[in-house]
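*Asks:* First the structure, then my questions, so here it is.
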Amino acid sequence: MKALDIIFGLALAIGGLLVPLSGDAYLMGLVFQLAMWIALAQSWSMLSSTTGYLSLGHAVFYGIGAYVCVLLTGVVPFGVALAAGAAASAVFAGLIGLPVLRVQGPYFVILTYGLAELVRNVVMRIESALGSFGRMIFMVPSFEVLVWCMVALGILATLGAAAVRHSALGAGLAAIRENEVAAETVGVPVARLKLLAFVASATIPGAVGGLALLRTGYFEPAQAFDPVISFTIVTMALVGGTETVRGPVLGALGFTLLSEALWSSLPQLYMIVLGLTLIAFILFVPRGLSGLADRALGRG
Amino acid sequence: MAFLDVRGVSKRFGGLMALNNVDMSVEKGEIFGLMGANGAGKTTLFSVIAGHVAPTTGEVHFNGRRITGLSPSRICRAGICRTFQIVRPFAGLSVEENVRVAAIYGSGRGRSGASRDTLVNEALEAVGLTRQRAGLAGGLTLSGQKRLEIARALATGADLVMLDEVMAGLNPTEIGEMLETLAELRRSRGITFVIVEHVIGALMTLSDRILVLHHGERIAFGTPEEIGRNKHVEEVYFG
């Protein structure tokens, strides 16, 4: 299975990096979407799959990245703007992490959702107070470059998630998920590790938000902080499976292809299908697509 | 100063004085027994020493260093680890993974991979869980989970291990094995133990010295023979 995972991952990565050479706008758009969701779902898994602290507010990191990026585009090179977006998300996570991560279970879920909505509304107020109703950006890099950057983020997030899982940090986070008091008792610095995972899971989404903004060329806070982004991340990660690094990739792949199929014919069905699939998987396939793949290949 | 020095520790929970000005000195390498009826304050005392509960007044010193107010994980890394009377396994992880986390983060952290493996293997071997190491911790029997608690504490590399009723729920054969295991660990690794036990026979056999608590107060202290002859202990303990 492990060798198969690596071959599958390499094929996806190389395929993604080659697509811009074809110049096919539709394919590039598809790869851009796919890489974006892989990057987001993998980042989410660094905190939520490992510790069981389910974040329903990851749109906030995406939105902060987009906002910082739109403010800086034209002022600094776009690569710097993206890095600043990622850094801003990381700093924000670091600032709110300690108090937020003291809250557990469903309260954590609600708190992360509420915080994301709070930030969304604050940014909307600031923007309207400034008399700005959406910002246009010009001088964006070519779409090919954006696709390459997004694929790179997808790869980075996947490698990051794998590194977290297979390190001492991952062992500590798993102990926290299983029993926080016992983890603390055997020496795991619980508060510090949770904060570390939170910051790690917030960083790449910041850059992703910036890239997505550069693609559309238009910033509108309600869109950049759209809670549907959070819901989609959680759905993809859960449907893909939280037990493996392969899970978020499969989840993102499944939903991106599904949405492509539905957008063209029945766009209004997309959200309904998203919801139904999530319910079905939670009830009947708790180990997700990743677990199904194991079973299909005769392991586990 | 003693290896573990508890000085004038009190703990008030609302109107209840769970611990009242308790002193306790544990020497390096000894097995120290804590005795007392339900509600005597034994577990609270463990929690104060391990950092889970802050004392209302008083101080705890370990190895010449004041540890009052440190977080449980820092106290663990300083060399003290406790077990829980109500077991807290990492149920979804394998037995070996349970023990390995302790080896990675406990006071034995910073060891090389090989010596960490040794720590894990020795801990599993000591409590007889080597054969079940690949299975899920949640699938162990209660006795198995009690032994896993001990294995985890050992794997942290702790110099002082506090065992909270690890014999409760074990049958006489298992208790006999556990007594041997603990005595052997003290001999071979020089680990100091503080033991809370309801199984009084086991406590009397194993302990070098025993402290008796009653309603949060220290009422007797001495060798098992002295405690056995103590009329006051007999009154409060056996009625």
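Chain labels run A, B, ... following the order of the structure tokens; each chain numbers its residues from 1, and ligands are numbered from 1 in the order shown.
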Taking only C-alpha atoms into account, find every residue of chain B that has an atom no more than 8 Å from chain A, and write it out as a ChimeraX atom specification.
*Replies:* /B:50,72-77,81-82,88-93,97-98,101-102,104-107,152-153,156
*Asks:* Excluding same-chain residues fewer than 4 positions from range 245-248 of chain A, what lies within 10 Å of it counting only C-alpha atoms, as an MDAnalysis selection string?
*Replies:* chainID A and resid 2 5:6 8:9 37:46 49 158:165 233:241 252:254 287:291 293
*Asks:* Store the residues of this selection in a file with N, CA and C atoms, as a short mmCIF file (atom, residue, chain, number, x, y, z; two decimals), in the first residue's frame.
*Replies:*
data_model
loop_
_atom_site.label_atom_id
_atom_site.label_comp_id
_atom_site.auth_asym_id
_atom_site.auth_seq_id
_atom_site.Cartn_x
_atom_site.Cartn_y
_atom_site.Cartn_z
N LYS A 2 1.91 1.21 0.80
CA LYS A 2 2.76 2.38 0.92
C LYS A 2 3.40 2.75 -0.42
N ASP A 5 0.83 4.18 -2.66
CA ASP A 5 0.53 5.57 -2.30
C ASP A 5 1.54 6.53 -2.91
N ILE A 6 2.80 6.14 -2.80
CA ILE A 6 3.87 7.02 -3.29
C ILE A 6 3.79 7.17 -4.81
N PHE A 8 1.11 6.77 -6.67
CA PHE A 8 -0.11 7.53 -6.94
C PHE A 8 0.15 9.03 -6.71
N GLY A 9 0.79 9.35 -5.61
CA GLY A 9 1.08 10.74 -5.27
C GLY A 9 2.01 11.38 -6.29
N TRP A 37 -7.80 22.26 -3.22
CA TRP A 37 -8.52 21.52 -2.18
C TRP A 37 -7.62 20.51 -1.48
N ILE A 38 -6.68 19.93 -2.22
CA ILE A 38 -5.73 19.03 -1.56
C ILE A 38 -4.93 19.80 -0.52
N ALA A 39 -4.45 20.99 -0.92
CA ALA A 39 -3.64 21.79 0.01
C ALA A 39 -4.46 22.15 1.25
N LEU A 40 -5.72 22.54 1.04
CA LEU A 40 -6.55 22.95 2.18
C LEU A 40 -6.90 21.77 3.08
N ALA A 41 -7.32 20.64 2.46
CA ALA A 41 -7.73 19.50 3.27
C ALA A 41 -6.54 18.89 4.01
N GLN A 42 -5.39 18.85 3.36
CA GLN A 42 -4.19 18.33 4.04
C GLN A 42 -3.81 19.22 5.22
N SER A 43 -3.87 20.53 5.01
CA SER A 43 -3.53 21.46 6.08
C SER A 43 -4.47 21.26 7.27
N TRP A 44 -5.75 21.16 6.95
CA TRP A 44 -6.76 20.93 7.99
C TRP A 44 -6.44 19.66 8.77
N SER A 45 -6.02 18.61 8.03
CA SER A 45 -5.77 17.32 8.69
C SER A 45 -4.60 17.40 9.67
N MET A 46 -3.67 18.34 9.45
CA MET A 46 -2.51 18.44 10.36
C MET A 46 -2.96 18.74 11.78
N SER A 49 -7.26 15.98 11.99
CA SER A 49 -7.19 14.52 11.95
C SER A 49 -6.27 14.00 13.03
N THR A 158 0.88 18.07 1.43
CA THR A 158 0.84 16.62 1.58
C THR A 158 2.11 16.11 2.27
N LEU A 159 3.26 16.63 1.84
CA LEU A 159 4.52 16.22 2.48
C LEU A 159 4.52 16.65 3.95
N GLY A 160 3.99 17.86 4.20
CA GLY A 160 3.93 18.36 5.57
C GLY A 160 3.06 17.47 6.44
N ALA A 161 1.89 17.10 5.91
CA ALA A 161 0.98 16.25 6.69
C ALA A 161 1.63 14.90 6.96
N ALA A 162 2.36 14.36 5.96
CA ALA A 162 3.03 13.07 6.15
C ALA A 162 4.12 13.21 7.21
N ALA A 163 4.85 14.31 7.14
CA ALA A 163 5.94 14.51 8.10
C ALA A 163 5.40 14.62 9.52
N VAL A 164 4.29 15.36 9.68
CA VAL A 164 3.70 15.51 11.01
C VAL A 164 3.29 14.15 11.55
N ARG A 165 2.58 13.37 10.72
CA ARG A 165 2.08 12.09 11.18
C ARG A 165 3.18 11.13 11.61
N ILE A 233 -13.87 21.89 3.10
CA ILE A 233 -12.63 21.29 3.59
C ILE A 233 -12.95 20.11 4.51
N VAL A 234 -13.84 20.36 5.48
CA VAL A 234 -14.17 19.30 6.45
C VAL A 234 -14.78 18.10 5.74
N THR A 235 -15.70 18.39 4.80
CA THR A 235 -16.36 17.29 4.09
C THR A 235 -15.34 16.46 3.32
N MET A 236 -14.47 17.12 2.58
CA MET A 236 -13.47 16.39 1.79
C MET A 236 -12.57 15.55 2.68
N ALA A 237 -12.13 16.14 3.79
CA ALA A 237 -11.21 15.41 4.66
C ALA A 237 -11.90 14.21 5.30
N LEU A 238 -13.14 14.40 5.73
CA LEU A 238 -13.85 13.29 6.39
C LEU A 238 -14.22 12.21 5.39
N VAL A 239 -14.69 12.61 4.22
CA VAL A 239 -15.05 11.61 3.21
C VAL A 239 -13.80 10.88 2.72
N GLY A 240 -12.70 11.59 2.60
CA GLY A 240 -11.46 10.94 2.18
C GLY A 240 -10.95 9.98 3.25
N GLY A 241 -11.14 10.34 4.50
CA GLY A 241 -10.67 9.49 5.59
C GLY A 241 -9.58 10.20 6.39
N ALA A 252 -10.45 15.20 -1.85
CA ALA A 252 -10.40 16.37 -2.74
C ALA A 252 -10.62 15.93 -4.18
N LEU A 253 -10.00 14.84 -4.55
CA LEU A 253 -10.13 14.30 -5.90
C LEU A 253 -11.59 13.97 -6.19
N GLY A 254 -12.21 13.21 -5.29
CA GLY A 254 -13.60 12.79 -5.47
C GLY A 254 -14.52 13.98 -5.65
N ARG A 287 -14.22 5.13 7.85
CA ARG A 287 -12.80 5.26 7.52
C ARG A 287 -12.57 5.93 6.16
N GLY A 288 -13.69 6.33 5.53
CA GLY A 288 -13.59 7.14 4.32
C GLY A 288 -13.12 6.40 3.08
N LEU A 289 -12.92 7.17 2.02
CA LEU A 289 -12.45 6.60 0.76
C LEU A 289 -11.14 5.85 0.95
N SER A 290 -10.30 6.40 1.85
CA SER A 290 -9.02 5.78 2.10
C SER A 290 -9.20 4.36 2.65
N GLY A 291 -10.18 4.20 3.56
CA GLY A 291 -10.48 2.88 4.10
C GLY A 291 -11.03 1.95 3.04
N ALA A 293 -10.32 2.10 -0.12
CA ALA A 293 -9.19 1.72 -0.97
C ALA A 293 -8.42 0.58 -0.34
#
*Asks:* List every residue of range 49-197 of chain B that DSSP, applied to the backbone of this structure, places in strand (DSSP E or B), and write the result as JSON, numbers by chain.
*Replies:* {"B": [57, 58, 59, 60, 61, 62, 65, 66, 80, 81, 82, 94, 136, 160, 161, 162, 163, 164, 192, 193, 194, 195, 196]}
*Asks:* Do you know which residues are at most 8 Å from range 9-13 of chain B counting only C-alpha atoms, after dropping those on the same chain fewer than 2 positions away, and could you put them as a PyMOL selection string?
*Replies:* chain B and resi 6-7+15-23+54-60
*Asks:* Excluding Arg133 in chain B and residues on its chain fewer than 4 positions from it, collect all residues at most 8 Å away from it, counting only C-alpha atoms, and give them as a PDB file with N, CA and C atoms, in the first residue's frame.
*Replies:*
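What ended up in out.pdb:
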ATOM      1  N   SER B  94      -1.998   1.345  19.504  1.00  0.00           N
ATOM      2  CA  SER B  94      -1.556   0.025  19.913  1.00  0.00           C
ATOM      3  C   SER B  94      -0.876   0.122  21.269  1.00  0.00           C
ATOM      4  N   VAL B  95      -0.756  -1.033  21.929  1.00  0.00           N
ATOM      5  CA  VAL B  95      -0.101  -1.089  23.235  1.00  0.00           C
ATOM      6  C   VAL B  95       1.304  -0.497  23.132  1.00  0.00           C
ATOM      7  N   GLU B  96       2.001  -0.883  22.080  1.00  0.00           N
ATOM      8  CA  GLU B  96       3.367  -0.380  21.918  1.00  0.00           C
ATOM      9  C   GLU B  96       3.395   1.134  21.700  1.00  0.00           C
ATOM     10  N   LEU B 124       7.504  -2.883  28.516  1.00  0.00           N
ATOM     11  CA  LEU B 124       6.512  -3.893  28.131  1.00  0.00           C
ATOM     12  C   LEU B 124       6.830  -5.223  28.791  1.00  0.00           C
ATOM     13  N   LEU B 129       3.515  -7.373  28.945  1.00  0.00           N
ATOM     14  CA  LEU B 129       2.630  -7.038  27.820  1.00  0.00           C
ATOM     15  C   LEU B 129       3.321  -7.208  26.471  1.00  0.00           C
TER      16      LEU B 129
END
*Asks:* So what do you get for CA of Trp148 in chain A versus CA of Leu56 in chain A, distance-wise?
*Replies:*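 Rounded to one decimal, the two atoms are 28.0 Å apart.
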*Asks:* How many Å lie between CA of Ser47 in chain B and CA of Thr83 in chain B, rounded to one decimal?
*Replies:* 10.2 Å
*Asks:* Skipping near chain neighbours, those fewer than 4 positions away, what residues fall within 6 Å of Leu47 in chain A using only C-alpha atoms, listed as a PDB file with C-alpha atoms, in the first residue's frame?
*Replies:*
ATOM      1  CA  THR A  51      -5.693  15.757  17.454  1.00  0.00           C
ATOM      2  CA  ALA A 197      -0.314  21.890  14.977  1.00  0.00           C
ATOM      3  CA  PHE A 198      -2.783  24.776  14.802  1.00  0.00           C
ATOM      4  CA  SER A 201      -2.467  23.868   9.703  1.00  0.00           C
TER       5      SER A 201
END
*Asks:* Just how far from CA of Pro221 in chain A is CA of Met271 in chain A, in Å to one decimal?
*Replies:*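 That distance, rounded to one decimal, is 21.2 Å.
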*Asks:* Got a sec: who's within 10 Å of Glu180 in chain B, counting only C-alpha atoms, leaving out chain neighbours fewer than 6 positions off, as a VMD selection string?
*Replies:* chain B and resid 126 174 206
*Asks:* Keeping only N, CA and C atoms, write those residues as a compact mmCIF listing (two decimals), in the first residue's frame.
*Replies:*
# COMPACT_ATOMS: atom_id res chain seq x y z
N ALA B 126 8.54 -5.73 31.56
CA ALA B 126 8.38 -5.66 33.02
C ALA B 126 6.96 -5.98 33.45
N GLU B 174 -2.38 -12.61 40.03
CA GLU B 174 -1.88 -11.41 39.35
C GLU B 174 -1.24 -10.45 40.36
N LEU B 206 5.13 -5.02 50.59
CA LEU B 206 5.98 -4.32 49.66
C LEU B 206 6.69 -3.10 50.26
*Asks:* Quick one: DSSP alpha helix (DSSP H) residues in range 88-214 of chain B, as a PyMOL selection string?
*Replies:* chain B and resi 95-105+113-127+142-155+172-189+200-206
*Asks:* Store the residues picked out above, limited to C-alpha atoms, as a compact mmCIF listing (two decimals), in the first residue's frame.
*Replies:*
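Here's the written file again_7.txt:
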# COMPACT_ATOMS: atom_id res chain seq x y z
CA VAL B 95 -0.10 -1.09 23.23
CA GLU B 96 3.37 -0.38 21.92
CA GLU B 97 2.42 3.09 20.64
CA ASN B 98 1.01 3.89 24.09
CA VAL B 99 4.35 3.11 25.67
CA ARG B 100 6.40 4.72 22.91
CA VAL B 101 4.76 8.14 23.39
CA ALA B 102 5.90 8.00 27.01
CA ALA B 103 9.44 7.12 25.93
CA ILE B 104 9.50 9.98 23.41
CA TYR B 105 8.22 12.69 25.74
CA GLY B 113 16.29 5.68 18.73
CA ALA B 114 17.91 2.45 19.89
CA SER B 115 17.93 3.27 23.58
CA ARG B 116 14.36 4.52 23.26
CA ASP B 117 13.46 1.10 21.85
CA THR B 118 15.15 -0.47 24.86
CA LEU B 119 13.07 1.70 27.20
CA VAL B 120 9.88 0.62 25.41
CA ASN B 121 10.82 -3.06 25.35
CA GLU B 122 11.87 -3.12 29.00
CA ALA B 123 8.66 -1.42 30.08
CA LEU B 124 6.51 -3.89 28.13
CA GLU B 125 8.56 -6.82 29.39
CA ALA B 126 8.38 -5.66 33.02
CA VAL B 127 4.58 -5.77 33.07
CA LEU B 142 -8.83 -4.25 32.85
CA SER B 143 -5.84 -6.03 34.33
CA GLY B 144 -4.00 -5.49 31.05
CA GLN B 145 -4.86 -1.79 31.05
CA LYS B 146 -3.67 -1.44 34.66
CA ARG B 147 -0.37 -2.99 33.61
CA LEU B 148 -0.25 -0.67 30.60
CA GLU B 149 -0.55 2.30 33.00
CA ILE B 150 2.56 1.04 34.78
CA ALA B 151 4.41 0.33 31.52
CA ARG B 152 3.75 3.86 30.33
CA ALA B 153 4.97 5.35 33.59
CA LEU B 154 8.13 3.22 33.44
CA ALA B 155 8.78 4.12 29.81
CA PRO B 172 -4.45 -13.08 43.83
CA THR B 173 -2.12 -14.67 41.25
CA GLU B 174 -1.88 -11.41 39.35
CA ILE B 175 -1.25 -9.51 42.60
CA GLY B 176 1.59 -11.90 43.37
CA GLU B 177 3.10 -11.28 39.95
CA MET B 178 2.71 -7.54 40.32
CA LEU B 179 4.50 -7.58 43.70
CA GLU B 180 7.42 -9.44 42.16
CA THR B 181 7.53 -7.06 39.21
CA LEU B 182 7.69 -3.98 41.42
CA ALA B 183 10.32 -5.43 43.75
CA GLU B 184 12.38 -6.42 40.73
CA LEU B 185 12.13 -2.94 39.18
CA ARG B 186 13.39 -1.38 42.37
CA ARG B 187 16.30 -3.83 42.52
CA SER B 188 17.34 -3.61 38.89
CA ARG B 189 16.63 0.02 38.06
CA ILE B 200 -3.46 -3.95 52.54
CA GLY B 201 -1.61 -7.26 52.48
CA ALA B 202 0.23 -6.18 49.35
CA LEU B 203 1.04 -2.79 50.83
CA MET B 204 2.41 -4.35 54.02
CA THR B 205 4.57 -6.81 52.09
CA LEU B 206 5.98 -4.32 49.66
*Asks:* List the neighbours of range 159-163 of chain B out to 6 Å using only C-alpha atoms; skip same-chain residues closer than 5 positions along the sequence, and give me the result as a list in words.
*Replies:*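 Residues near the query, excluding close chain neighbours: Gly79, Ile80, Cys81, Arg82, Thr83, Ile191, Thr192, Phe193, Val194 and Ile195 of chain B.
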